[in-house]
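Peer 1: What follows is the file data14.csv, containing CSV, C-alpha atoms:
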chain,number,residue,atom,x,y,z
A,1,MET,CA,0.0,0.0,0.0
A,2,ILE,CA,1.3,3.4,-1.0
A,3,ASP,CA,1.8,5.9,1.9
A,4,ILE,CA,0.2,8.7,0.0
A,5,LEU,CA,1.0,11.6,2.4
A,6,SER,CA,4.7,10.8,2.1
A,7,LEU,CA,4.7,11.4,-1.7
A,8,TYR,CA,5.8,14.6,-3.4
A,9,PRO,CA,3.1,16.4,-5.5
A,10,HIS,CA,4.6,15.2,-8.8
A,11,GLU,CA,4.6,11.6,-7.4
A,12,ILE,CA,1.0,11.9,-6.5
A,13,GLU,CA,0.3,13.1,-10.0
A,14,ASP,CA,2.1,10.2,-11.6
A,15,PHE,CA,0.2,7.8,-9.3
A,16,ILE,CA,-3.2,9.4,-10.2
A,17,VAL,CA,-2.4,9.3,-13.9
A,18,SER,CA,-1.3,5.6,-13.6
A,19,LEU,CA,-4.8,4.9,-12.4
A,20,GLY,CA,-6.3,6.3,-15.6
A,21,GLU,CA,-7.4,9.7,-14.1
A,22,LYS,CA,-6.8,13.2,-15.3
A,23,SER,CA,-3.7,14.9,-13.7
A,24,PHE,CA,-5.8,17.7,-12.0
A,25,ARG,CA,-7.2,15.1,-9.6
A,26,ALA,CA,-3.8,15.0,-8.0
A,27,SER,CA,-4.0,18.6,-6.7
A,28,GLN,CA,-7.5,17.9,-5.3
A,29,LEU,CA,-6.1,14.9,-3.5
A,30,PHE,CA,-3.1,16.8,-2.3
A,31,ALA,CA,-5.3,19.6,-0.8
A,32,TRP,CA,-7.5,17.0,1.1
A,33,LEU,CA,-4.4,15.4,2.6
A,34,TYR,CA,-3.0,18.7,3.9
A,35,LYS,CA,-6.4,19.6,5.4
A,36,GLY,CA,-5.9,16.5,7.6
A,37,SER,CA,-8.4,14.2,5.8
A,38,ASP,CA,-7.9,10.7,7.2
A,39,SER,CA,-10.0,8.8,4.6
A,40,PHE,CA,-10.4,8.8,0.9
A,41,SER,CA,-14.2,8.4,1.2
A,42,GLY,CA,-14.6,11.9,2.6
A,43,MET,CA,-13.0,13.6,-0.4
A,44,THR,CA,-16.2,14.8,-1.9
A,45,ASN,CA,-14.9,16.2,-5.1
A,46,LEU,CA,-13.2,12.9,-6.2
A,47,PRO,CA,-15.2,10.4,-8.3
A,48,ARG,CA,-16.3,7.3,-6.6
A,49,SER,CA,-14.3,5.1,-9.1
A,50,LEU,CA,-11.1,6.9,-8.1
A,51,ILE,CA,-11.8,6.6,-4.4
A,52,SER,CA,-12.3,2.9,-4.8
A,53,ARG,CA,-8.9,2.5,-6.5
A,54,LEU,CA,-7.2,4.7,-3.9
A,55,GLU,CA,-8.6,2.6,-1.1
A,56,GLU,CA,-7.3,-0.5,-2.8
A,57,GLN,CA,-3.8,0.8,-3.5
A,58,ALA,CA,-3.0,3.5,-1.0
A,59,VAL,CA,-3.2,4.4,2.7
A,60,ILE,CA,-3.5,7.6,4.6
A,61,LYS,CA,-1.4,7.3,7.8
A,62,ASN,CA,-3.1,8.3,11.0
A,63,ILE,CA,-2.0,9.5,14.4
A,64,VAL,CA,-4.2,9.9,17.4
A,65,ILE,CA,-3.9,12.2,20.4
A,66,GLU,CA,-3.5,9.8,23.3
A,67,GLN,CA,-2.6,12.4,25.9
A,68,LYS,CA,-2.6,16.2,25.9
A,69,LEU,CA,-1.0,18.4,28.6
A,70,VAL,CA,-1.4,22.1,28.7
A,71,SER,CA,0.9,24.3,30.9
A,72,VAL,CA,-1.0,26.7,33.2
A,73,ILE,CA,2.2,28.8,33.3
A,74,ASP,CA,2.8,29.7,29.6
A,75,GLY,CA,0.2,27.7,27.5
A,76,THR,CA,2.8,25.3,26.1
A,77,VAL,CA,1.0,22.1,24.9
A,78,LYS,CA,2.6,18.6,25.0
A,79,TYR,CA,1.1,15.8,22.9
A,80,LEU,CA,1.5,12.1,23.2
A,81,PHE,CA,0.5,10.7,19.9
A,82,ALA,CA,-0.3,7.0,19.1
A,83,LEU,CA,0.7,5.8,15.7
A,84,ASP,CA,-1.0,3.2,13.5
A,85,ASP,CA,1.1,0.3,14.9
A,86,GLY,CA,0.7,1.4,18.6
A,87,GLU,CA,4.1,3.1,18.9
A,88,LYS,CA,4.1,6.4,20.8
A,89,ILE,CA,5.8,9.7,20.0
A,90,GLU,CA,5.7,13.2,21.5
A,91,SER,CA,5.4,16.8,20.1
A,92,VAL,CA,5.5,20.1,22.0
A,93,PHE,CA,3.7,23.2,20.8
A,94,MET,CA,5.1,26.5,22.0
A,95,ARG,CA,4.0,30.1,21.6
A,96,TYR,CA,6.6,32.8,21.0
A,97,LYS,CA,6.3,36.5,19.9
A,98,HIS,CA,7.7,35.5,16.5
A,99,GLY,CA,5.2,32.8,16.0
A,100,ASN,CA,4.1,29.3,17.0
A,101,THR,CA,6.7,26.6,17.1
A,102,ILE,CA,6.4,22.8,17.2
A,103,CYS,CA,9.1,20.5,18.4
A,104,LEU,CA,8.7,17.3,16.4
A,105,SER,CA,9.8,13.7,16.8
A,106,THR,CA,11.6,11.9,14.0
A,107,GLN,CA,11.8,8.4,15.4
A,108,ALA,CA,9.8,6.2,17.8
A,109,GLY,CA,12.5,6.0,20.5
A,110,CYS,CA,16.2,6.6,19.9
A,111,ARG,CA,19.4,4.5,19.7
A,112,MET,CA,21.9,7.3,20.5
A,113,GLY,CA,21.8,6.6,24.2
A,114,CYS,CA,22.7,10.0,25.5
A,115,SER,CA,22.7,9.7,29.3
A,116,PHE,CA,20.7,12.8,30.1
A,117,CYS,CA,17.9,12.2,27.5
A,118,ALA,CA,14.5,10.5,28.2
A,119,SER,CA,14.0,9.7,24.6
A,120,ALA,CA,16.5,6.9,24.6
A,121,LEU,CA,15.3,5.1,27.7
A,122,ASN,CA,13.7,2.2,25.8
A,123,GLY,CA,15.9,2.3,22.7
A,124,LEU,CA,14.9,2.7,19.1
A,125,LYS,CA,11.7,1.1,18.0
A,126,ARG,CA,11.5,2.4,14.4
A,127,ASN,CA,12.0,5.4,12.1
A,128,LEU,CA,9.0,7.7,11.5
A,129,LEU,CA,7.7,8.2,7.9
A,130,PRO,CA,7.5,11.6,6.4
A,131,SER,CA,3.8,11.4,6.7
A,132,GLU,CA,4.0,10.8,10.4
A,133,MET,CA,6.2,13.9,10.9
A,134,LEU,CA,3.7,16.0,8.8
A,135,LEU,CA,0.8,14.7,10.8
A,136,GLN,CA,2.3,16.0,14.1
A,137,ILE,CA,1.9,19.5,12.6
A,138,ILE,CA,-1.5,18.9,11.0
A,139,MET,CA,-3.0,17.4,14.1
A,140,ALA,CA,-1.7,20.1,16.4
A,141,GLU,CA,-3.0,22.9,14.1
A,142,ARG,CA,-6.4,21.2,13.9
A,143,ASP,CA,-6.6,20.6,17.6
A,144,LEU,CA,-5.5,24.1,18.6
A,145,GLY,CA,-7.0,26.1,15.7
A,146,GLU,CA,-3.7,27.9,15.3
A,147,LYS,CA,-1.1,28.1,12.5
A,148,ILE,CA,2.4,26.8,13.1
A,149,SER,CA,5.2,28.8,11.5
A,150,ASN,CA,8.3,27.3,13.0
A,151,ILE,CA,9.6,23.7,13.3
A,152,VAL,CA,12.3,22.3,15.6
A,153,LEU,CA,13.4,18.7,14.9
A,154,MET,CA,14.5,18.2,18.5
A,155,GLY,CA,11.8,15.8,19.8
A,156,ILE,CA,12.2,12.0,20.2
A,157,GLY,CA,14.9,10.5,18.0
A,158,GLU,CA,18.0,11.6,16.1
A,159,PRO,CA,16.9,13.3,12.8
A,160,LEU,CA,20.0,12.4,10.9
A,161,ASP,CA,19.7,8.8,11.9
A,162,ASN,CA,16.5,8.8,9.8
A,163,TYR,CA,18.1,10.8,7.1
A,164,ASP,CA,16.1,10.0,3.9
A,165,ASN,CA,12.7,10.3,5.6
A,166,VAL,CA,13.6,13.5,7.3
A,167,ILE,CA,14.9,15.1,4.1
A,168,ARG,CA,11.7,14.1,2.3
A,169,PHE,CA,9.7,15.6,5.2
A,170,LEU,CA,11.6,18.8,5.0
A,171,ARG,CA,11.0,19.2,1.3
A,172,LEU,CA,7.3,18.3,1.7
A,173,VAL,CA,6.6,20.7,4.6
A,174,ASN,CA,8.3,23.5,2.6
A,175,ASN,CA,6.1,22.9,-0.4
A,176,LYS,CA,4.1,26.1,-1.2
A,177,ASP,CA,0.9,24.2,-1.9
A,178,GLY,CA,1.2,22.2,1.4
A,179,LEU,CA,2.0,23.6,4.8
A,180,ASN,CA,4.4,26.1,3.2
A,181,ILE,CA,6.8,26.5,6.2
A,182,GLY,CA,10.0,28.2,5.1
A,183,MET,CA,13.3,26.4,5.6
A,184,ARG,CA,14.7,29.4,7.5
A,185,HIS,CA,12.0,28.7,10.1
A,186,ILE,CA,13.2,25.1,10.6
A,187,SER,CA,15.9,23.9,13.0
A,188,LEU,CA,17.3,20.4,12.8
A,189,SER,CA,19.2,19.1,15.9
A,190,THR,CA,21.8,16.4,15.8
A,191,CYS,CA,24.0,14.7,18.4
A,192,GLY,CA,26.8,14.9,15.9
A,193,LEU,CA,26.6,12.3,13.1
A,194,VAL,CA,29.6,13.6,11.2
A,195,ASP,CA,29.0,11.7,7.9
A,196,LYS,CA,25.4,12.9,7.8
A,197,ILE,CA,26.3,16.5,8.6
A,198,ASP,CA,28.6,16.3,5.6
A,199,ARG,CA,25.8,14.9,3.5
A,200,LEU,CA,23.3,17.5,4.7
A,201,SER,CA,25.6,20.3,3.6
A,202,GLU,CA,25.1,19.1,0.0
A,203,GLU,CA,21.3,19.3,0.2
A,204,ASN,CA,21.0,23.1,-0.3
A,205,LEU,CA,18.5,23.5,2.5
A,206,PRO,CA,18.8,26.9,4.2
A,207,LEU,CA,17.6,25.6,7.6
A,208,THR,CA,19.4,26.0,11.0
A,209,LEU,CA,21.6,23.1,12.0
A,210,SER,CA,21.9,22.7,15.8
A,211,VAL,CA,24.7,20.4,17.0
A,212,SER,CA,24.8,19.0,20.5
A,213,LEU,CA,28.2,19.3,22.2
A,214,HIS,CA,27.5,19.0,25.9
A,215,ALA,CA,31.2,18.5,26.9
A,216,THR,CA,34.6,20.1,26.2
A,217,ASP,CA,36.7,16.9,26.1
A,218,ASP,CA,36.3,13.5,24.5
A,219,ILE,CA,36.4,11.5,27.8
A,220,LYS,CA,33.6,13.5,29.3
A,221,ARG,CA,31.6,13.6,26.1
A,222,ARG,CA,31.8,9.8,25.6
A,223,ALA,CA,30.4,9.3,29.1
A,224,LEU,CA,27.4,11.6,28.2
A,225,MET,CA,27.0,10.7,24.5
A,226,PRO,CA,27.9,7.3,23.1
A,227,VAL,CA,28.1,8.8,19.6
A,228,ALA,CA,31.4,10.4,20.8
A,229,ASN,CA,33.0,6.9,20.7
A,230,ARG,CA,32.8,7.1,16.9
A,231,TRP,CA,33.6,10.8,16.3
A,232,SER,CA,35.9,12.9,18.4
A,233,ILE,CA,35.1,16.6,19.2
A,234,ASP,CA,37.8,17.6,16.8
A,235,LYS,CA,36.2,15.6,13.9
A,236,LEU,CA,32.8,16.9,14.8
A,237,LEU,CA,34.0,20.5,14.8
A,238,ALA,CA,35.8,20.0,11.5
A,239,SER,CA,32.6,18.7,9.9
A,240,CYS,CA,30.8,21.8,11.3
A,241,GLU,CA,33.5,24.1,9.7
A,242,ARG,CA,32.9,22.3,6.4
A,243,TYR,CA,29.2,22.8,6.8
A,244,ILE,CA,29.6,26.5,7.4
A,245,LYS,CA,31.9,26.9,4.5
A,246,LYS,CA,29.6,25.0,2.1
A,247,THR,CA,26.3,26.6,3.2
A,248,SER,CA,27.4,30.0,4.6
A,249,ARG,CA,24.9,29.2,7.4
A,250,ARG,CA,25.6,29.8,11.1
A,251,ILE,CA,25.5,26.7,13.3
A,252,SER,CA,23.8,26.6,16.6
A,253,PHE,CA,25.7,24.6,19.2
A,254,GLU,CA,23.6,23.1,22.1
A,255,TYR,CA,25.2,22.6,25.5
A,256,ALA,CA,23.2,21.1,28.3
A,257,LEU,CA,24.4,22.3,31.7
A,258,ILE,CA,24.7,19.5,34.2
A,259,ALA,CA,25.6,20.3,37.8
A,260,GLY,CA,29.1,19.1,38.7
A,261,VAL,CA,29.6,17.5,35.3
A,262,ASN,CA,30.2,20.2,32.7
A,263,ASP,CA,29.3,23.5,34.2
A,264,SER,CA,32.6,24.7,35.7
A,265,VAL,CA,34.5,27.9,34.8
A,266,GLU,CA,37.2,25.7,33.4
A,267,ASP,CA,34.6,24.0,31.1
A,268,ALA,CA,33.3,27.4,30.0
A,269,ASN,CA,36.8,28.6,29.1
A,270,LYS,CA,37.6,25.4,27.2
A,271,LEU,CA,34.3,25.8,25.3
A,272,GLY,CA,35.0,29.4,24.5
A,273,ARG,CA,38.4,28.6,23.1
A,274,MET,CA,36.9,25.8,21.0
A,275,LEU,CA,34.2,28.0,19.4
A,276,ALA,CA,35.9,31.4,19.2
A,277,GLY,CA,36.0,32.7,15.7
A,278,MET,CA,33.5,30.2,14.3
A,279,LEU,CA,30.3,31.4,12.7
A,280,CYS,CA,28.0,30.0,15.4
A,281,HIS,CA,25.6,30.6,18.2
A,282,LEU,CA,25.8,28.9,21.6
A,283,ASN,CA,22.5,27.8,23.2
A,284,LEU,CA,23.0,26.9,26.9
A,285,ILE,CA,20.3,24.5,28.2
A,286,PRO,CA,19.8,24.0,31.9
A,287,ILE,CA,19.1,20.3,31.9
A,288,ASN,CA,15.6,18.9,32.7
A,289,PRO,CA,15.9,16.3,35.5
A,290,ILE,CA,14.8,12.8,34.5
A,291,LEU,CA,13.3,10.4,37.0
A,292,GLU,CA,15.4,7.5,35.7
A,293,LYS,CA,18.7,9.4,35.7
A,294,ASN,CA,20.7,11.2,38.5
A,295,HIS,CA,21.8,14.3,36.6
A,296,LYS,CA,20.9,17.6,38.2
A,297,LYS,CA,20.4,21.0,36.7
A,298,SER,CA,23.1,23.6,37.3
A,299,GLU,CA,22.6,26.2,39.9
A,300,LYS,CA,21.5,29.7,38.8
A,301,ARG,CA,24.8,31.2,39.9
A,302,ALA,CA,26.8,28.6,37.9
A,303,ILE,CA,24.7,29.3,34.8
A,304,GLU,CA,25.3,33.0,35.1
A,305,VAL,CA,29.1,32.6,35.5
A,306,PHE,CA,29.3,30.1,32.7
A,307,THR,CA,27.4,32.5,30.4
A,308,ARG,CA,29.5,35.6,31.3
A,309,THR,CA,32.7,33.5,30.7
A,310,ILE,CA,31.5,32.5,27.2
A,311,GLU,CA,30.7,36.1,26.3
A,312,THR,CA,34.4,37.1,26.9
A,313,TYR,CA,35.2,35.0,23.8
A,314,LYS,CA,32.9,37.2,21.7
A,315,ILE,CA,30.5,34.3,21.1
A,316,SER,CA,26.8,34.8,20.7
A,317,VAL,CA,25.2,33.0,23.6
A,318,THR,CA,21.7,32.6,25.1
A,319,VAL,CA,20.3,30.5,27.9
A,320,ARG,CA,17.2,28.6,26.8
A,321,ARG,CA,14.1,29.6,28.5
A,322,ARG,CA,12.3,26.6,29.8
A,323,LEU,CA,8.7,26.4,28.6
A,324,GLY,CA,6.1,24.0,30.0
A,325,SER,CA,8.0,23.3,33.2
A,326,ASP,CA,4.8,22.1,34.9
A,327,ILE,CA,4.1,19.5,32.2
A,328,ASN,CA,7.6,18.1,31.7
A,329,ALA,CA,7.7,19.6,28.2
A,330,SER,CA,11.0,18.0,27.3
A,331,CYS,CA,10.4,15.1,25.0
A,332,GLY,CA,10.5,11.4,25.9
A,333,GLN,CA,9.1,11.5,29.4
A,334,LEU,CA,5.4,10.8,28.5
A,335,ARG,CA,6.4,8.1,26.0
A,336,ALA,CA,8.6,6.4,28.6
A,337,GLY,CA,5.7,6.1,30.9
A,338,HIS,CA,3.6,4.4,28.2
A,339,SER,CA,6.3,2.0,26.9
A,340,ASN,CA,6.9,-1.5,27.9
Go through the file and emit its structure as structure tokens.
Peer 2:
Amino acid sequence: MIDILSLYPHEIEDFIVSLGEKSFRASQLFAWLYKGSDSFSGMTNLPRSLISRLEEQAVIKNIVIEQKLVSVIDGTVKYLFALDDGEKIESVFMRYKHGNTICLSTQAGCRMGCSFCASALNGLKRNLLPSEMLLQIIMAERDLGEKISNIVLMGIGEPLDNYDNVIRFLRLVNNKDGLNIGMRHISLSTCGLVDKIDRLSEENLPLTLSVSLHATDDIKRRALMPVANRWSIDKLLASCERYIKKTSRRISFEYALIAGVNDSVEDANKLGRMLAGMLCHLNLIPINPILEKNHKKSEKRAIEVFTRTIETYKISVTVRRRLGSDINASCGQLRAGHSN
């Protein structure tokens, strides 16, 4: 069965024509899909004969809101979605002055194994299809009655570990006849898959690449992030330099501050020296405590000192504001509670 929502418009047109229909039916079908239609039978301007053939050869993927939490503090909304096969994923909807942002999942689970992340607690179950990424946006917009203008691929999963499906999703979500979300309004976060960063630099996608560092030496980074066993910090930074040179795009580095682990003044100075002179932005993230882990968030004073130290290296730096703190808005925690 063809996953119809994962097809590009020209592929839908080829499919429709292969069924003996006029090509204009493809645009009608495409419009229904991006309105969130979950069945062919409800597409009232399509002939019954075409609907029957579509039902025989294609499928519209579906996701269901299994749980919804709304923050009384800032209105952030956290969704636990159930997929067709019973797997669970999470999305987080956030309101900012510059527009509404959704943080999407790209996999059901994650195999990267970062020690501070709830997404990897039960390992990787499977990759998400492009349609299942699109549906997180479509369902949130329908549920809230609000338009989403920004996307962050920073939910459950490692986006570059699901490379082909994520690239297809990006091109689909950017399509002017679909959700029409600009690439410059999309941020993709990776734990540092060097080969995939190099590959991404060739895609000509003007999105924002966010790279997770979280440590200033390889020993400490390997303890936090198993991916560091394959690629050293030097190799990762070299790939980032290549990406910047190829795309002329600034990279955003993510650094989760963990009390007593990576938040010392010495760590800040080492990080400053590493990033000084690079076309980049540093995003400091006070870590969200996870029930199953013993990492603790850095004290406010330590965060302030760390930030001021980084600024002495003339590096653009911000401390991420934590939204949805009363609903555990960081991804993975709801799913972990519903997984076997």
Peer 1: Using all atoms listed in the file, determine which residues lie at most 7 Å from segment 182-196 of chain A, disregarding the query and same-chain residues fewer than 5 positions distant; provide the list as a ChimeraX atom specification.
Peer 2: /A:149-154,158-160,174,205-212,236,239
Peer 1: Could you save those same residues with C-alpha atoms as a compact mmCIF listing (two decimals), in the coordinates of the input?
Peer 2:
# COMPACT_ATOMS: atom_id res chain seq x y z
CA SER A 149 5.20 28.80 11.50
CA ASN A 150 8.30 27.30 13.00
CA ILE A 151 9.60 23.70 13.30
CA VAL A 152 12.30 22.30 15.60
CA LEU A 153 13.40 18.70 14.90
CA MET A 154 14.50 18.20 18.50
CA GLU A 158 18.00 11.60 16.10
CA PRO A 159 16.90 13.30 12.80
CA LEU A 160 20.00 12.40 10.90
CA ASN A 174 8.30 23.50 2.60
CA LEU A 205 18.50 23.50 2.50
CA PRO A 206 18.80 26.90 4.20
CA LEU A 207 17.60 25.60 7.60
CA THR A 208 19.40 26.00 11.00
CA LEU A 209 21.60 23.10 12.00
CA SER A 210 21.90 22.70 15.80
CA VAL A 211 24.70 20.40 17.00
CA SER A 212 24.80 19.00 20.50
CA LEU A 236 32.80 16.90 14.80
CA SER A 239 32.60 18.70 9.90
Peer 1: Which residues come within 7 Å of segment 35-39 of chain A, counting all atoms listed in the file, excluding same-chain residues fewer than 2 positions away, as a PyMOL selection string?
Peer 2: chain A and resi 31-33+41-42+60+62+138
Peer 1: What gap, in Å, lies between atom CA of Leu271 of chain A and atom CA of Cys110 of chain A?
Peer 2: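 According to the coordinates, atom CA of Leu271 of chain A and atom CA of Cys110 of chain A are separated by 26.9 Å.
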Peer 1: Do you know which residues are at most 9 Å from Leu257 of chain A counting all atoms listed in the file, after dropping those on the same chain fewer than 4 positions away, and could you put them as a list in words?
Peer 2: His214, Val261, Asn262, Asp263, Leu284, Ile285, Pro286, Ile287, Lys296, Lys297, Ser298 and Ile303 of chain A
Peer 1: Mind dumping the selected residues with C-alpha atoms as a PDB file, in the frame of the given file?
Peer 2:
ATOM      1  CA  HIS A 214      27.500  19.000  25.900  1.00  0.00           C
ATOM      2  CA  VAL A 261      29.600  17.500  35.300  1.00  0.00           C
ATOM      3  CA  ASN A 262      30.200  20.200  32.700  1.00  0.00           C
ATOM      4  CA  ASP A 263      29.300  23.500  34.200  1.00  0.00           C
ATOM      5  CA  LEU A 284      23.000  26.900  26.900  1.00  0.00           C
ATOM      6  CA  ILE A 285      20.300  24.500  28.200  1.00  0.00           C
ATOM      7  CA  PRO A 286      19.800  24.000  31.900  1.00  0.00           C
ATOM      8  CA  ILE A 287      19.100  20.300  31.900  1.00  0.00           C
ATOM      9  CA  LYS A 296      20.900  17.600  38.200  1.00  0.00           C
ATOM     10  CA  LYS A 297      20.400  21.000  36.700  1.00  0.00           C
ATOM     11  CA  SER A 298      23.100  23.600  37.300  1.00  0.00           C
ATOM     12  CA  ILE A 303      24.700  29.300  34.800  1.00  0.00           C
TER      13      ILE A 303
END
Peer 1: Report the distance between atom CA of Ser131 of chain A and atom CA of Ser6 of chain A in Å, rounded to one decimal place.
Peer 2: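 So the two atoms, atom CA of Ser131 of chain A and atom CA of Ser6 of chain A, lie 4.7 Å apart.
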Peer 1: So the first atom is atom CA of Ala256 of chain A and the second is atom CA of Lys220 of chain A; what is the distance between them in Å, to one decimal place?
Peer 2: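 Result for atom CA of Ala256 of chain A versus atom CA of Lys220 of chain A: 12.9 Å, one decimal.
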Peer 1: Can you find the residues with an atom no farther than 8 Å from (25.5, 25.9, 20.4), counting only C-alpha atoms, and report them as a PyMOL selection string?
Peer 2: chain A and resi 210-213+251-255+280-284+317
Peer 1: With all atoms listed in the file as the counted atoms, please give the residues lying no more than 12 Å from Lys270 of chain A, apart from itself and same-chain residues fewer than 6 positions off, as a compact mmCIF listing (two decimals) with C-alpha atoms, in the frame of the given file.
Peer 2:
# COMPACT_ATOMS: atom_id res chain seq x y z
CA ALA A 215 31.20 18.50 26.90
CA THR A 216 34.60 20.10 26.20
CA ASP A 217 36.70 16.90 26.10
CA ASN A 262 30.20 20.20 32.70
CA ASP A 263 29.30 23.50 34.20
CA SER A 264 32.60 24.70 35.70
CA ALA A 276 35.90 31.40 19.20
CA PHE A 306 29.30 30.10 32.70
CA THR A 309 32.70 33.50 30.70
CA ILE A 310 31.50 32.50 27.20
CA TYR A 313 35.20 35.00 23.80
Peer 1: Smallest atom-to-atom distance to Glu304 of chain A: which of A:Ile89, A:Ser52, A:Arg199, A:Thr318, using all atoms listed in the file?
Peer 2: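 Checking each of A:Ile89, A:Ser52, A:Arg199, A:Thr318 against Glu304 of chain A, counting all atoms listed in the file, the winner is A:Thr318.
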Peer 1: Which of these, A:Leu80, A:Leu179, A:Ala228, A:Leu50, has the shortest distance to Val64 of chain A once you count all atoms listed in the file?
Peer 2: A:Leu80
Peer 1: For Asn229 of chain A, which residue among A:Arg25, A:Phe93, A:Lys245, A:Cys114 is the nearest when counting all atoms listed in the file?
Peer 2: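 Closest to Asn229 of chain A of all the choices is A:Cys114.
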Peer 1: Here is a test: counting all atoms listed in the file, which residue of A:Asp164, A:Lys68, A:Lys176, A:Ile63 is nearest to Gly86 of chain A?
Peer 2: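 Result for the nearest residue to Gly86 of chain A: A:Ile63.
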Peer 1: Of the candidates A:Lys125, A:Glu66, A:Ile258, A:Arg142, which shows the shortest atom-to-atom distance to Lys300 of chain A, using all atoms listed in the file?
Peer 2: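 Of A:Lys125, A:Glu66, A:Ile258, A:Arg142, the one nearest Lys300 of chain A, counting all atoms listed in the file, is A:Ile258.
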Peer 1: When you count all atoms listed in the file, which of these residues is closest to Ala140 of chain A: A:Leu200, A:Ala120, A:Val77, A:Ile2?
Peer 2: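 Selected residue with least distance to Ala140 of chain A: A:Val77.
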